[in-house]
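In what follows, a structure is listed as structure tokens, so that the remarks can point back to it.
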Amino acid sequence: MENILIIGAGAAGSVVAKKCAMNRDVFRKIHLASRTLDKCIKVQKECKTEITVSQVDADDAAQVVRLIEEQRPDLVVNMALPYQDLPIMDACLETGVHYLDTANYEPKDEARFSYTWQWAYRDRFREKGIMAVLGCGFDPGVTSIFCAYARNNLFDEIRTIDIVDCNDGSHGKAFATNFNPEINIREVTQRGKYWKRGKWIEIDPLSISSMIDYPEVGPRKSYLIYHEEEESLVRNIDGLEQIRFWMTFSDNYIKHLEVLQNVGMTRINPVVYNGVEIIPLQFLKALLPEPSSLAENYTGKTSIGCIIRGVKGGKPAAYILYNVCDHAETYRELGAQAVSYTTGVPAATGAIMMMKGIWSGKGVFNVEELPPEPFLEEVSKQGLPWHAKRLDGEAYRELAEL
Ligand code: NDP
């Protein structure tokens, strides 16, 4: 295993390509393909070692099959959008090549992301003798791997998980999203939910907030939203009683989002304008800054982790496992902002795990089902050092019962 194909030359995909190009002991041949060839060429020029590039429309599985047959990769890393997950998985099945992604499938005409569609590929991947690794970015990705590490090393039983995601950075734009605007806005404007004692509890969008004290950042207002790793963690972490996901949004972000929603700009059903059908959210995406373009003047840090409570040696225990990443430092290293960096570095690390056979298996896997320790050791070396800090009983009291 030594050849990799990366699909998607956007903010996070370019980080994967550049990181792989810094690990030539693992990746002999690196090929980057995306919808717009110019973007691939730009990344190619910025890579420290030589990579090859081409154009592909990954909505079309037949095109991806042809690309795989030409490039003969051992692994396809999908850094395009969630809509392309299934056609790329179909192409991997047809050609017998391993697969890895960072976001679960979502149909274009319905804002409902779920693993259900990709889990349905389990038997076919198993029968073909290939492996699909789902959700290997930061969240999902490192956060789920923190949970697996905590399960194996810090607790006898895990009771509650709060995934806490703070971007305390400042990009200087009036309104922008840190990853693909269409996917980001679809995620944030849908109804929230969390899982408690075997049941999903639904809430209105952004209707519950709490002050959370983030490592190296401090207390920040955070909103309870639904996030995709909750769906797999409730299955894969035994004995879990509650899981919630919290994310910071500035008052300015919320203000813009509210207005855009109120005027219908976040709709995903078509409207006819001058005889042409347009989808308002797609039009809005065309107006907003591309996430990769935010990198140059971004300052501040991301602080993302998991607050986990449970039992160790018969006594209550609580830990926070986290990483802090600095936008200006990631720009200096790879020309990327921290949100793209914290997504792309784990994907490149997952690819290293698969290439080296440290992560292996037949079928479809969420990252928490795979060995966490070697991944966490490698992801630190690749640029994302992490920490596990024991919390005393009083800490994070503000994240009380809902
Ligand atoms: P970008 O919009 O910057 O990049 C997406 C790239 O995919 C673009 O280059 C785009 O091409 C390309 N693309 C879109 N459609 C196709 C297609 N049909 N065929 C080929 N290429 C296509 O988004 P990000 O880099 O911010 O996000 C990439 C992925 O990472 C998303 O799925 C996102 O949800 C996920 N993500 C995961 C996170 C995690 O922690 N797990 C965090 C952040 C993001 P073009 O340039 O032509 O539009």
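Chain identifiers are assigned as A, B, and so on, following the order in which chains appear in the structure tokens; residues are numbered from 1 within each chain, and ligands are numbered from 1 in order of appearance.
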Handout entry: Spatial neighbours of stretch 276-288 of chain A, max dist 12 Å, only C-alpha atoms, sep filter under 6 positions, as a VMD selection string
Key = chain A and resid 108 to 109 111 173 to 186 189 257 260 to 261 263 to 270 294
Could you please take those selected residues and save C-alpha atoms as a CSV table (one decimal), in the first residue's frame?
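Contents of the output file result_13.csv:
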```csv
chain,number,residue,atom,x,y,z
A,108,LYS,CA,-28.8,17.3,-1.9
A,109,ASP,CA,-32.5,17.9,-1.6
A,111,ALA,CA,-30.8,18.6,5.0
A,173,LYS,CA,-15.0,39.3,7.3
A,174,ALA,CA,-18.5,40.5,8.0
A,175,PHE,CA,-19.9,37.0,7.6
A,176,ALA,CA,-18.2,33.8,6.5
A,177,THR,CA,-18.2,30.1,7.3
A,178,ASN,CA,-15.1,28.1,8.2
A,179,PHE,CA,-15.9,25.2,6.1
A,180,ASN,CA,-18.1,24.8,3.0
A,181,PRO,CA,-20.9,27.4,3.5
A,182,GLU,CA,-23.7,25.2,2.1
A,183,ILE,CA,-22.9,22.3,4.4
A,184,ASN,CA,-22.2,24.5,7.4
A,185,ILE,CA,-25.5,26.4,7.1
A,186,ARG,CA,-27.5,23.3,6.5
A,189,THR,CA,-30.1,25.7,10.8
A,257,LEU,CA,-27.8,33.7,10.0
A,260,LEU,CA,-30.5,35.2,5.9
A,261,GLN,CA,-33.0,32.6,7.2
A,263,VAL,CA,-35.5,36.4,4.0
A,264,GLY,CA,-35.3,32.8,2.7
A,265,MET,CA,-31.7,32.8,1.6
A,266,THR,CA,-30.9,29.5,3.4
A,267,ARG,CA,-33.7,27.6,1.6
A,268,ILE,CA,-32.6,24.4,-0.3
A,269,ASN,CA,-35.7,24.1,-2.5
A,270,PRO,CA,-35.6,25.9,-5.8
A,294,LEU,CA,-10.0,33.1,5.1
```
Handout entry: Non-local contacts of stretch 376-390 of chain A (7 Å; only C-alpha atoms; under 3 positions in same chain excluded) as a ChimeraX atom specification
Key = /A:318-323,345-346,349,372-373
Practice task
Grab the atom CA of A:Ala12 to atom CA of A:Val367 distance for me, in Å with one decimal place.
Solution key: 18.3 Å
Find the nearest atom pair between each residue of chain A and ligand 1 for residues within 7 Å, count only C-alpha atoms and all ligand atoms, give distances in Å to one decimal, sort rows by chain and ascending number, and present the table as CSV.
```
residue,atom,partner,partner_atom_place_in_ligand_line,distance
A:Ile7,CA,ligand 1,21 (N),6.2
A:Gly8,CA,ligand 1,7 (O),3.9
A:Ala9,CA,ligand 1,9 (O),4.0
A:Gly10,CA,ligand 1,4 (O),3.3
A:Ala11,CA,ligand 1,25 (O),3.7
A:Ala12,CA,ligand 1,25 (O),3.7
A:Gly13,CA,ligand 1,25 (O),5.4
A:Ser34,CA,ligand 1,21 (N),4.0
A:Arg35,CA,ligand 1,20 (C),3.9
A:Thr36,CA,ligand 1,47 (O),4.3
A:Lys39,CA,ligand 1,46 (O),6.4
A:Val56,CA,ligand 1,20 (C),5.4
A:Asp57,CA,ligand 1,19 (N),3.7
A:Ala58,CA,ligand 1,19 (N),3.7
A:Asp59,CA,ligand 1,18 (N),4.4
A:Met79,CA,ligand 1,29 (C),4.9
A:Ala80,CA,ligand 1,7 (O),3.4
A:Leu81,CA,ligand 1,32 (O),3.7
A:Pro82,CA,ligand 1,32 (O),4.6
A:Gln84,CA,ligand 1,18 (N),6.2
A:Thr102,CA,ligand 1,41 (N),4.4
A:Ala103,CA,ligand 1,32 (O),4.9
A:Gly135,CA,ligand 1,41 (N),5.7
A:Cys136,CA,ligand 1,41 (N),6.1
A:Gly137,CA,ligand 1,41 (N),3.6
A:Phe138,CA,ligand 1,40 (O),3.7
A:Asp139,CA,ligand 1,40 (O),3.9
A:Pro140,CA,ligand 1,41 (N),4.4
A:Gly141,CA,ligand 1,41 (N),5.8
A:Asn178,CA,ligand 1,26 (O),6.8
A:Phe179,CA,ligand 1,26 (O),3.5
A:Asn180,CA,ligand 1,23 (O),4.0
A:Ile183,CA,ligand 1,34 (O),6.0
A:Glu290,CA,ligand 1,3 (O),6.3
A:Pro291,CA,ligand 1,3 (O),5.6
A:Ser292,CA,ligand 1,3 (O),6.0
A:Val339,CA,ligand 1,43 (C),6.5
A:Ser340,CA,ligand 1,26 (O),6.2
A:Thr342,CA,ligand 1,40 (O),6.8
A:Thr343,CA,ligand 1,40 (O),4.6
```
Residues just named, written with C-alpha atoms as a PDB file, in the first residue's frame:
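Ended up saving to again_22.pdb:
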```pdb
ATOM      1  CA  ILE A   7     -10.723  13.822  -4.263  1.00  0.00           C
ATOM      2  CA  GLY A   8     -11.574  17.473  -3.452  1.00  0.00           C
ATOM      3  CA  ALA A   9      -9.097  20.367  -3.658  1.00  0.00           C
ATOM      4  CA  GLY A  10     -10.946  22.722  -1.293  1.00  0.00           C
ATOM      5  CA  ALA A  11      -9.899  24.109   2.090  1.00  0.00           C
ATOM      6  CA  ALA A  12      -9.498  20.737   3.860  1.00  0.00           C
ATOM      7  CA  GLY A  13      -8.529  18.642   0.808  1.00  0.00           C
ATOM      8  CA  SER A  34     -11.354  17.792  -8.047  1.00  0.00           C
ATOM      9  CA  ARG A  35     -14.186  19.428  -9.958  1.00  0.00           C
ATOM     10  CA  THR A  36     -12.067  22.490 -10.847  1.00  0.00           C
ATOM     11  CA  LYS A  39      -7.657  24.531  -7.788  1.00  0.00           C
ATOM     12  CA  VAL A  56     -13.142  14.760 -11.976  1.00  0.00           C
ATOM     13  CA  ASP A  57     -16.843  15.150 -11.299  1.00  0.00           C
ATOM     14  CA  ALA A  58     -17.304  12.826  -8.347  1.00  0.00           C
ATOM     15  CA  ASP A  59     -21.103  12.969  -8.573  1.00  0.00           C
ATOM     16  CA  MET A  79     -12.394  15.439   0.683  1.00  0.00           C
ATOM     17  CA  ALA A  80     -15.206  16.639  -1.610  1.00  0.00           C
ATOM     18  CA  LEU A  81     -18.665  17.208  -0.146  1.00  0.00           C
ATOM     19  CA  PRO A  82     -20.987  14.795   1.682  1.00  0.00           C
ATOM     20  CA  GLN A  84     -20.268  12.656  -3.217  1.00  0.00           C
ATOM     21  CA  THR A 102     -14.543  13.176   6.921  1.00  0.00           C
ATOM     22  CA  ALA A 103     -18.311  13.788   6.662  1.00  0.00           C
ATOM     23  CA  GLY A 135     -15.637  10.499   9.629  1.00  0.00           C
ATOM     24  CA  CYS A 136     -11.868  10.928  10.017  1.00  0.00           C
ATOM     25  CA  GLY A 137     -11.615  14.726  10.387  1.00  0.00           C
ATOM     26  CA  PHE A 138     -11.567  16.501  13.767  1.00  0.00           C
ATOM     27  CA  ASP A 139     -15.241  16.338  14.659  1.00  0.00           C
ATOM     28  CA  PRO A 140     -16.162  13.740  13.652  1.00  0.00           C
ATOM     29  CA  GLY A 141     -12.763  12.131  13.789  1.00  0.00           C
ATOM     30  CA  ASN A 178     -15.129  28.138   8.241  1.00  0.00           C
ATOM     31  CA  PHE A 179     -15.930  25.173   6.069  1.00  0.00           C
ATOM     32  CA  ASN A 180     -18.085  24.774   2.982  1.00  0.00           C
ATOM     33  CA  ILE A 183     -22.853  22.274   4.371  1.00  0.00           C
ATOM     34  CA  GLU A 290     -14.458  30.445   0.164  1.00  0.00           C
ATOM     35  CA  PRO A 291     -13.280  28.917   3.458  1.00  0.00           C
ATOM     36  CA  SER A 292      -9.722  28.540   2.112  1.00  0.00           C
ATOM     37  CA  VAL A 339     -10.513  24.625  10.801  1.00  0.00           C
ATOM     38  CA  SER A 340      -9.224  23.189   7.506  1.00  0.00           C
ATOM     39  CA  THR A 342      -7.738  20.274  12.026  1.00  0.00           C
ATOM     40  CA  THR A 343      -9.867  18.472   9.404  1.00  0.00           C
TER      41      THR A 343
END
```
Practice task
Report as number ranges by chain: the residues of stretch 225-400 of chain A with a DSSP assignment of helix (DSSP H, G or I), based on the backbone of this structure.
Solution key: A: 229-236, 251-262, 280-287, 291-297, 327-334, 338-355, 367-369, 372-381
Using C-alpha atoms, can you write the selected residues to a file as a compact mmCIF listing (two decimals), in the first residue's frame?
```
# COMPACT_ATOMS: atom_id res chain seq x y z
CA GLU A 229 -20.54 11.58 15.48
CA GLU A 230 -23.30 11.32 18.10
CA GLU A 231 -25.11 8.82 15.88
CA SER A 232 -22.20 6.35 15.88
CA LEU A 233 -20.91 6.99 19.42
CA VAL A 234 -24.25 6.03 21.01
CA ARG A 235 -23.80 2.64 19.34
CA ASN A 236 -20.09 2.18 19.90
CA ASP A 251 -23.37 37.05 18.13
CA ASN A 252 -22.44 38.48 14.73
CA TYR A 253 -22.69 35.04 13.05
CA ILE A 254 -26.08 34.39 14.67
CA LYS A 255 -27.36 37.84 13.64
CA HIS A 256 -26.44 37.29 9.98
CA LEU A 257 -27.79 33.75 9.98
CA GLU A 258 -31.12 34.91 11.43
CA VAL A 259 -31.56 37.57 8.75
CA LEU A 260 -30.54 35.20 5.95
CA GLN A 261 -33.03 32.62 7.23
CA ASN A 262 -35.81 35.18 7.63
CA PRO A 280 -31.08 30.22 -2.63
CA LEU A 281 -28.48 28.50 -0.38
CA GLN A 282 -26.34 27.61 -3.40
CA PHE A 283 -26.57 31.21 -4.62
CA LEU A 284 -25.59 32.42 -1.15
CA LYS A 285 -22.56 30.09 -1.24
CA ALA A 286 -21.45 31.78 -4.46
CA LEU A 287 -21.53 35.17 -2.67
CA PRO A 291 -13.28 28.92 3.46
CA SER A 292 -9.72 28.54 2.11
CA SER A 293 -9.59 32.29 1.35
CA LEU A 294 -10.02 33.15 5.06
CA ALA A 295 -6.61 31.74 5.99
CA GLU A 296 -4.31 34.65 5.25
CA ASN A 297 -5.37 37.07 7.95
CA HIS A 327 -4.86 29.89 12.83
CA ALA A 328 -1.71 31.95 12.16
CA GLU A 329 0.59 28.95 12.81
CA THR A 330 -1.33 26.66 10.45
CA TYR A 331 -1.22 29.42 7.84
CA ARG A 332 2.56 29.66 8.23
CA GLU A 333 2.95 25.88 7.91
CA LEU A 334 0.49 25.04 5.12
CA ALA A 338 -7.06 26.04 11.62
CA VAL A 339 -10.51 24.62 10.80
CA SER A 340 -9.22 23.19 7.51
CA TYR A 341 -5.97 22.09 9.19
CA THR A 342 -7.74 20.27 12.03
CA THR A 343 -9.87 18.47 9.40
CA GLY A 344 -7.12 17.64 6.91
CA VAL A 345 -4.37 16.51 9.30
CA PRO A 346 -6.53 13.75 10.89
CA ALA A 347 -7.61 12.58 7.42
CA ALA A 348 -3.94 12.34 6.35
CA THR A 349 -3.17 10.56 9.65
CA GLY A 350 -6.03 8.07 9.07
CA ALA A 351 -4.58 7.45 5.60
CA ILE A 352 -1.17 6.73 7.21
CA MET A 353 -2.86 4.26 9.61
CA MET A 354 -4.47 2.44 6.66
CA MET A 355 -1.38 2.52 4.45
CA VAL A 367 -13.13 5.74 13.63
CA GLU A 368 -13.95 4.87 17.27
CA GLU A 369 -14.07 1.19 16.22
CA PRO A 372 -7.09 4.94 19.00
CA GLU A 373 -3.61 4.89 20.58
CA PRO A 374 -1.44 4.67 17.42
CA PHE A 375 -3.62 7.26 15.68
CA LEU A 376 -3.28 9.74 18.56
CA GLU A 377 0.47 9.23 18.70
CA GLU A 378 0.74 9.90 14.95
CA VAL A 379 -1.67 12.86 14.82
CA SER A 380 0.51 14.67 17.42
CA LYS A 381 3.56 14.17 15.22
```
Practice task
Enter the distance from atom CA of A:Trp246 to atom CA of A:Glu228, in Å, rounded to one decimal.
Solution key: 12.3 Å
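Distance annotation: of A:Arg151, A:Lys48, A:Lys18, A:Lys362, the residue with the minimal separation from A:Ile237 is A:Arg151; atom set is only C-alpha atoms.
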Handout entry: Closest of A:Ile304, A:Gly275, A:Gln242, A:Cys40 to A:Ser222 - atom-to-atom distances counting only C-alpha atoms
Key = A:Ile304
Problem - A:Ser303 surroundings by only C-alpha atoms, 8 Å radius, close-in-sequence under 4 positions cut, as a ChimeraX atom specification - result: /A:165-168,214-217,322-325
Would you save the residues from that selection as an mmCIF file, in the first residue's frame, using N, CA and C atoms?
```
data_model
loop_
_atom_site.group_PDB
_atom_site.id
_atom_site.type_symbol
_atom_site.label_atom_id
_atom_site.label_comp_id
_atom_site.auth_asym_id
_atom_site.auth_seq_id
_atom_site.Cartn_x
_atom_site.Cartn_y
_atom_site.Cartn_z
ATOM 1 N N ASP A 165 -16.746 22.452 20.955
ATOM 2 C CA ASP A 165 -16.024 22.917 19.763
ATOM 3 C C ASP A 165 -16.046 24.439 19.737
ATOM 4 N N CYS A 166 -14.873 25.022 19.950
ATOM 5 C CA CYS A 166 -14.777 26.482 19.948
ATOM 6 C C CYS A 166 -13.824 26.941 18.855
ATOM 7 N N ASN A 167 -14.307 27.815 17.990
ATOM 8 C CA ASN A 167 -13.396 28.537 17.106
ATOM 9 C C ASN A 167 -13.344 29.963 17.618
ATOM 10 N N ASP A 168 -12.251 30.312 18.286
ATOM 11 C CA ASP A 168 -12.118 31.655 18.844
ATOM 12 C C ASP A 168 -11.312 32.551 17.901
ATOM 13 N N TYR A 214 -13.246 26.849 27.685
ATOM 14 C CA TYR A 214 -12.404 26.101 26.738
ATOM 15 C C TYR A 214 -10.928 26.246 27.089
ATOM 16 N N PRO A 215 -10.168 25.146 27.050
ATOM 17 C CA PRO A 215 -8.732 25.217 27.329
ATOM 18 C C PRO A 215 -8.048 26.251 26.434
ATOM 19 N N GLU A 216 -7.201 27.078 27.047
ATOM 20 C CA GLU A 216 -6.385 28.102 26.372
ATOM 21 C C GLU A 216 -7.200 29.205 25.709
ATOM 22 N N VAL A 217 -8.519 29.203 25.887
ATOM 23 C CA VAL A 217 -9.372 30.227 25.277
ATOM 24 C C VAL A 217 -10.205 30.921 26.351
ATOM 25 N N TYR A 322 -8.385 17.248 24.593
ATOM 26 C CA TYR A 322 -8.547 18.377 23.680
ATOM 27 C C TYR A 322 -7.293 18.678 22.879
ATOM 28 N N ASN A 323 -7.518 19.468 21.843
ATOM 29 C CA ASN A 323 -6.417 20.043 21.052
ATOM 30 C C ASN A 323 -6.689 21.532 20.884
ATOM 31 N N VAL A 324 -5.638 22.316 20.924
ATOM 32 C CA VAL A 324 -5.747 23.744 20.617
ATOM 33 C C VAL A 324 -4.889 24.017 19.391
ATOM 34 N N CYS A 325 -5.445 24.740 18.424
ATOM 35 C CA CYS A 325 -4.743 24.945 17.158
ATOM 36 C C CYS A 325 -4.812 26.432 16.791
#
```
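The environment of A:Tyr83 within 9 Å, counting only C-alpha atoms and disregarding residues fewer than 4 places along the same chain, consists of Asp59, Pro87, Asn104, Tyr105, Glu106, Pro107 and Lys108 of chain A.
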May I have the residues from that selection written out with all heavy atoms, as a compact mmCIF listing (two decimals), in the first residue's frame?
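Just written: selection09.txt:
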```
# COMPACT_ATOMS: atom_id res chain seq x y z
N ASP A 59 -19.68 13.34 -8.64
CA ASP A 59 -21.10 12.97 -8.57
C ASP A 59 -21.35 11.77 -9.48
O ASP A 59 -22.37 11.09 -9.36
CB ASP A 59 -21.99 14.13 -9.05
CG ASP A 59 -22.12 15.19 -7.97
OD1 ASP A 59 -22.19 14.82 -6.79
OD2 ASP A 59 -22.14 16.39 -8.32
N PRO A 87 -21.41 8.02 -4.47
CA PRO A 87 -20.78 7.69 -5.75
C PRO A 87 -19.31 7.28 -5.59
O PRO A 87 -18.85 6.36 -6.30
CB PRO A 87 -20.89 8.97 -6.59
CG PRO A 87 -21.62 9.96 -5.78
CD PRO A 87 -22.10 9.33 -4.52
N ASN A 104 -20.39 12.54 6.85
CA ASN A 104 -21.30 11.49 6.37
C ASN A 104 -22.26 11.99 5.29
O ASN A 104 -22.43 13.18 5.08
CB ASN A 104 -22.01 10.78 7.53
CG ASN A 104 -22.93 11.66 8.33
OD1 ASN A 104 -23.27 12.76 7.92
ND2 ASN A 104 -23.33 11.18 9.48
N TYR A 105 -22.87 11.02 4.61
CA TYR A 105 -23.67 11.33 3.42
C TYR A 105 -24.88 12.17 3.76
O TYR A 105 -25.49 12.02 4.82
CB TYR A 105 -24.13 10.03 2.74
CG TYR A 105 -25.00 10.29 1.54
CD1 TYR A 105 -24.46 10.83 0.38
CD2 TYR A 105 -26.37 10.02 1.58
CE1 TYR A 105 -25.26 11.11 -0.72
CE2 TYR A 105 -27.18 10.29 0.49
CZ TYR A 105 -26.61 10.83 -0.66
OH TYR A 105 -27.41 11.11 -1.73
N GLU A 106 -25.21 13.03 2.85
CA GLU A 106 -26.41 13.88 2.98
C GLU A 106 -26.98 14.05 1.59
O GLU A 106 -26.26 14.41 0.66
CB GLU A 106 -25.93 15.23 3.54
CG GLU A 106 -27.01 16.25 3.69
CD GLU A 106 -26.55 17.45 4.53
OE1 GLU A 106 -25.42 17.48 5.04
OE2 GLU A 106 -27.36 18.36 4.66
N PRO A 107 -28.29 13.78 1.40
CA PRO A 107 -28.87 14.00 0.07
C PRO A 107 -28.93 15.49 -0.24
O PRO A 107 -29.11 16.30 0.68
CB PRO A 107 -30.29 13.42 0.18
CG PRO A 107 -30.42 12.86 1.55
CD PRO A 107 -29.27 13.28 2.38
N LYS A 108 -28.79 15.85 -1.52
CA LYS A 108 -28.76 17.28 -1.87
C LYS A 108 -30.08 17.98 -1.54
O LYS A 108 -30.11 19.14 -1.16
CB LYS A 108 -28.48 17.44 -3.37
CG LYS A 108 -27.00 17.26 -3.68
CD LYS A 108 -26.68 17.60 -5.12
CE LYS A 108 -25.19 17.37 -5.34
NZ LYS A 108 -24.75 17.26 -6.68
```
Completion exercise
The distance between atom CA of A:Arg197 and atom CA of A:Gly305 is 22.3 Å
Exercise for the section: May I have the residues within 9 Å of A:Leu5 as an MDAnalysis selection string, using only C-alpha atoms and disregarding those fewer than 5 positions away in the same chain? Expected result: chainID A and resid 29:33 68 71:78
Exercise for the section: Using backbone DSSP assignments, extract all strand (DSSP E or B) residues from stretch 99-250 of chain A; output them as number ranges by chain. Expected result: A: 99-101, 131-134, 137, 141, 157-167, 170, 192-196, 199-203, 209-214, 218-225, 242-248
